[in-house]
Amino acid sequence: MDTTQDSKKRRLICLGLALFTLITYWRTIHNDFVNFDDDVYVTDNPWVNGGLTLSGIARAFTHFYAANWHPITWLSHMLDCQLFGLQPGPQHAVNLLFHSANAVLLFLLLNRMTGALWRSAMVAGLFAVHPLHVESVAWIAERKDLLCAFFGLLALLCYAQYVTRDKWQAAGNAPTRSSAAFHLSHYYWLALFFFALGLMSKPMLVTLPFAMLLLDFWPLERFRSHGPEFSVGKFKRLLAEKIPFFALTAISCVVTYCAQKSGGAITTVEYPAAFRVANAMVSYLRYIERTFWPGKLAVIYPFSTISFPQAAGAGLLLLAVSILCVAAARRRPYLLTGWLWYLGTLVPVIGLIQVGRQSSADRYTYLPLIGLFIIVVWGAADLLEAAKVRKSAAATVSVLVLLSCALDTTYQLQFWKNSVTLFGRALAITTDNALAQNDYATALVAAGHIPDALPHYGEAARLAPDDALIQNNYGVALARNGQINAAIIRYEGAIQLQTNYTDAYNNLGAALAAEGHFDEAASALSQAMAIEPDNAGINLNLGLALLKLRRVQDAAQEFSEAVRLEPALPEAQYQYGLCLAMMRQPQAGMEHLQTALGLHPDWIEPLNALAWILATDGDNRVRDGARAVNLAEHAATLTQWQQPVILNTLAAAYAEAGRFDDATNTAAKAIALAQGSGQDQLAAQIQSLQELYQQHRAFHHP
């Protein structure tokens, strides 16, 4: 039975862990989104950043997205956007709160199972502030890591409660058989429930049933029957007890494989089995190295050549440590549990089935490091006790270790400020890193430094000439830099590498249209639409190309489809409104122009178009001179009264409102501006309208 003093100590440790974690990571709330999955998960994901909606909830459970199926993670991001919009600070704060909660849950779990108060606190402290966990906490898109651990630890806590009550009942302390059965089933099924939530947050939790068996060995000591010897029968019963958990694991594995296969994330052909095994063996040791010396941490670690002696040496070392842990299991069982926890929980992400193009990733250690921390803390405590080191000295060393980790974590956090600092750091400490070059260049483009980005895209394309994404991104940057022909070459290269690359076809079509090759543009955009028929951006670009070919009705159909697919797309609303006006449907056209203005109130083009219809339409039921003047004057003010097209519309609006002197004078200024900028044809058109105003006549379309 816990004493009141122990209960107070636990509460103080929980409070201390939470505060220590919050203080260490507090600077994250000032960080921005990054262009590595944050766009896919939040900023550019309309069904997430639209908030918590019934359609969004349904989609989260029924669709694969970003090569994953983790509906709880999607719901978490939706709730963030519902509460905070697209502000990164509060979303970073939510990540931090989950991490703090995980540290506290880990302490409570270990203390519950072992009764070792300070050892459990030290493991939880290392978990809270170790630099390898920065990636999981400071990266908004890694909410899935935090949620997975949160529900996984809750599941283990319920499992520990179920087991300890089982022991309590076995000792003859249960008050009644029926009430004990209720408690047993209650905590068991709660554990299964939280496990399911964890799997729906991130499927890396599939190894939890195996971890439960490890905990059964130590510290729960359920493998023994009555004496100290291992009982096969007991093991079989414990294995059968986990059948519902293994069933959920099997289902999650199948769903995850289908999701990642459909999203193109699994790349077994590019990385042969022998290479993947070699990389896995070496990665196990690299994670251990970073645990004890986290000096050069990067968001992306590129693949490197691994020789046979390196891979064989790593495998033999892992085997040797495993044998030593088995040999020491009777006297120091925490060694075997900690070591197999580390090895086992990393299996889903160690690269035997390669997902993505990174050789390893710090975020994958979020749960596995618990095993290493247990080995270090329990092992160090045993050594210190054997050496009869004073508890005060041991406590001092522990505090210094935690402070050292916290300082290193604070140092690593500065690189997560934004995308430029994040990928700049990756380039500074790694070599031949094509993905980091690409993402650093993308960050520079987003910051408006396009010329600076081009050399990095060039280096990325050199390092990974078969990467269609890099080719496409390089093309986008070249196009924005005015190098359209060079961009077209990159888009075509991306399509050769990946024949179903929708974005490359879409970008190619836009670039061809910009060069005046409208037929070719329409062909490329039609190909993009055949691949991805529900992409509003493709409909928009195809409509623009068709409009240039004077196929107004066909263009209107594409703009209409774009509006249907994405009503909040301002350009589609604007272009559809223009087409409807050209097709003699002014009322319908004005509705869409007004919608475009509702999305962007100071957008000059729809202001001008709407004012022109209101001033000049042939139907007097449509015209509204006073409103046309208000809209046109607003557009003129926004352009500082220096655009002849806008002033031409304003002159027509003045005439419709009966202000013919203002119309004549404004037309005169528009003529002067047009002539001064070499737009002689426009000047002649405005002059013919000016003659009407001088006769006190307004211009109306026939």
# chains A, B, ... in the order shown; residues from 1 in each chain; ligands from 1
$ residues_around --residues "region 475-487 of chain A" --least-positions-apart "3" --cutoff "8 Å" --atoms "only C-alpha atoms" --output "PyMOL selection string"
chain A and resi 445+450-451+453-454+471-472+490-491+507+511+514-515
$ residues_around --residues "region 460-463 of chain A" --least-positions-apart "3" --cutoff "9 Å" --atoms "only C-alpha atoms" --output "VMD selection string"
chain A and resid 432 to 438 455 to 457 466 to 467 470 to 471 474
$ residues_around --residues "Arg584 (chain A)" --least-positions-apart "4" --cutoff "10 Å" --atoms "only C-alpha atoms" --output "list in words"
Cys579, Leu580, Ala588, Gly589, Asp617 and Gly618 of chain A
$ atom_distance --atom1 "CA of His77 (chain A)" --atom2 "CA of Lys144 (chain A)"
9.7 Å
$ residues_around --residues "region 304-318 of chain A" --least-positions-apart "2" --cutoff "8 Å" --atoms "only C-alpha atoms" --output "JSON, numbers by chain"
{"A": [275, 278, 279, 281, 282, 285, 302, 320, 321, 322, 359]}
$ closest_residue --among "A:Gln91, A:Gln573, A:Thr73, A:Gln412" --to "His592 (chain A)" --atoms "only C-alpha atoms"
A:Gln573
$ closest_residue --among "A:Phe150, A:Tyr576, A:Tyr364, A:Phe303" --to "Val563 (chain A)" --atoms "only C-alpha atoms"
A:Tyr576
$ closest_residue --among "A:Leu422, A:Leu346, A:Leu547, A:Val104" --to "Leu369 (chain A)" --atoms "only C-alpha atoms"
A:Leu346
$ atom_distance --atom1 "CA of Glu691 (chain A)" --atom2 "CA of Gln679 (chain A)"
18.9 Å
$ atom_distance --atom1 "CA of His92 (chain A)" --atom2 "CA of Asp32 (chain A)"
8.8 Å
$ residues_around --residues "region 95-97 of chain A" --least-positions-apart "6" --cutoff "12 Å" --atoms "only C-alpha atoms" --output "PyMOL selection string"
chain A and resi 17-29+73+76-77+80+88-89+103-104+128-129+133-147+149-150
$ residues_around --residues "region 197-213 of chain A" --least-positions-apart "5" --cutoff "7 Å" --atoms "only C-alpha atoms" --output "PyMOL selection string"
chain A and resi 70-73+144-145+147-148+151-152+242+245-246+249+252+256+341+344-345+348
$ write_last_selection --atoms "N, CA and C atoms" --output "compact mmCIF listing (two decimals), in the first residue's frame"
# COMPACT_ATOMS: atom_id res chain seq x y z
N HIS A 70 -4.52 7.43 -40.70
CA HIS A 70 -4.45 7.70 -39.26
C HIS A 70 -5.49 8.77 -38.92
N PRO A 71 -6.76 8.34 -38.84
CA PRO A 71 -7.87 9.29 -38.67
C PRO A 71 -7.79 10.11 -37.39
N ILE A 72 -7.28 9.55 -36.30
CA ILE A 72 -7.20 10.32 -35.05
C ILE A 72 -6.25 11.50 -35.22
N THR A 73 -5.17 11.28 -35.94
CA THR A 73 -4.24 12.39 -36.21
C THR A 73 -4.93 13.48 -37.02
N LYS A 144 1.37 12.95 -35.01
CA LYS A 144 1.05 11.52 -35.00
C LYS A 144 1.96 10.75 -34.06
N ASP A 145 3.24 11.15 -33.96
CA ASP A 145 4.16 10.51 -33.03
C ASP A 145 3.68 10.68 -31.59
N LEU A 147 0.65 11.57 -30.44
CA LEU A 147 -0.63 10.91 -30.18
C LEU A 147 -0.46 9.40 -30.05
N CYS A 148 0.35 8.82 -30.92
CA CYS A 148 0.62 7.39 -30.88
C CYS A 148 1.20 7.00 -29.52
N PHE A 151 -1.52 7.51 -26.53
CA PHE A 151 -2.49 6.42 -26.38
C PHE A 151 -1.79 5.09 -26.06
N GLY A 152 -0.58 4.90 -26.59
CA GLY A 152 0.16 3.68 -26.26
C GLY A 152 0.51 3.59 -24.79
N LYS A 242 -3.06 -11.98 -25.23
CA LYS A 242 -2.79 -10.84 -26.13
C LYS A 242 -3.43 -11.00 -27.51
N PHE A 245 -5.08 -8.05 -29.07
CA PHE A 245 -4.11 -7.01 -29.42
C PHE A 245 -3.37 -7.38 -30.71
N PHE A 246 -2.99 -8.65 -30.84
CA PHE A 246 -2.33 -9.09 -32.07
C PHE A 246 -3.27 -8.99 -33.27
N THR A 249 -3.15 -5.51 -34.39
CA THR A 249 -1.86 -5.30 -35.06
C THR A 249 -1.92 -5.80 -36.50
N SER A 252 -4.02 -3.48 -38.64
CA SER A 252 -3.31 -2.22 -38.88
C SER A 252 -2.21 -2.39 -39.91
N THR A 256 -2.16 -0.28 -43.31
CA THR A 256 -1.02 0.61 -43.52
C THR A 256 -0.29 0.27 -44.81
N TRP A 341 13.06 -4.17 -26.21
CA TRP A 341 12.13 -3.04 -26.45
C TRP A 341 12.70 -2.14 -27.54
N GLY A 344 12.83 -4.10 -30.94
CA GLY A 344 11.51 -4.48 -31.46
C GLY A 344 10.65 -3.31 -31.88
N THR A 345 10.63 -2.25 -31.06
CA THR A 345 9.75 -1.13 -31.42
C THR A 345 10.28 -0.35 -32.62
N PRO A 348 9.17 -1.62 -37.23
CA PRO A 348 8.29 -1.09 -38.30
C PRO A 348 8.91 0.05 -39.11
$ select_by_dssp --residues "region 130-377 of chain A" --states "helix (DSSP H, G or I)" --output "VMD selection string"
chain A and resid 131 to 138 140 to 170 177 to 199 203 to 217 232 to 241 243 to 262 273 to 292 308 to 327 333 to 349 362 to 365 369 to 377
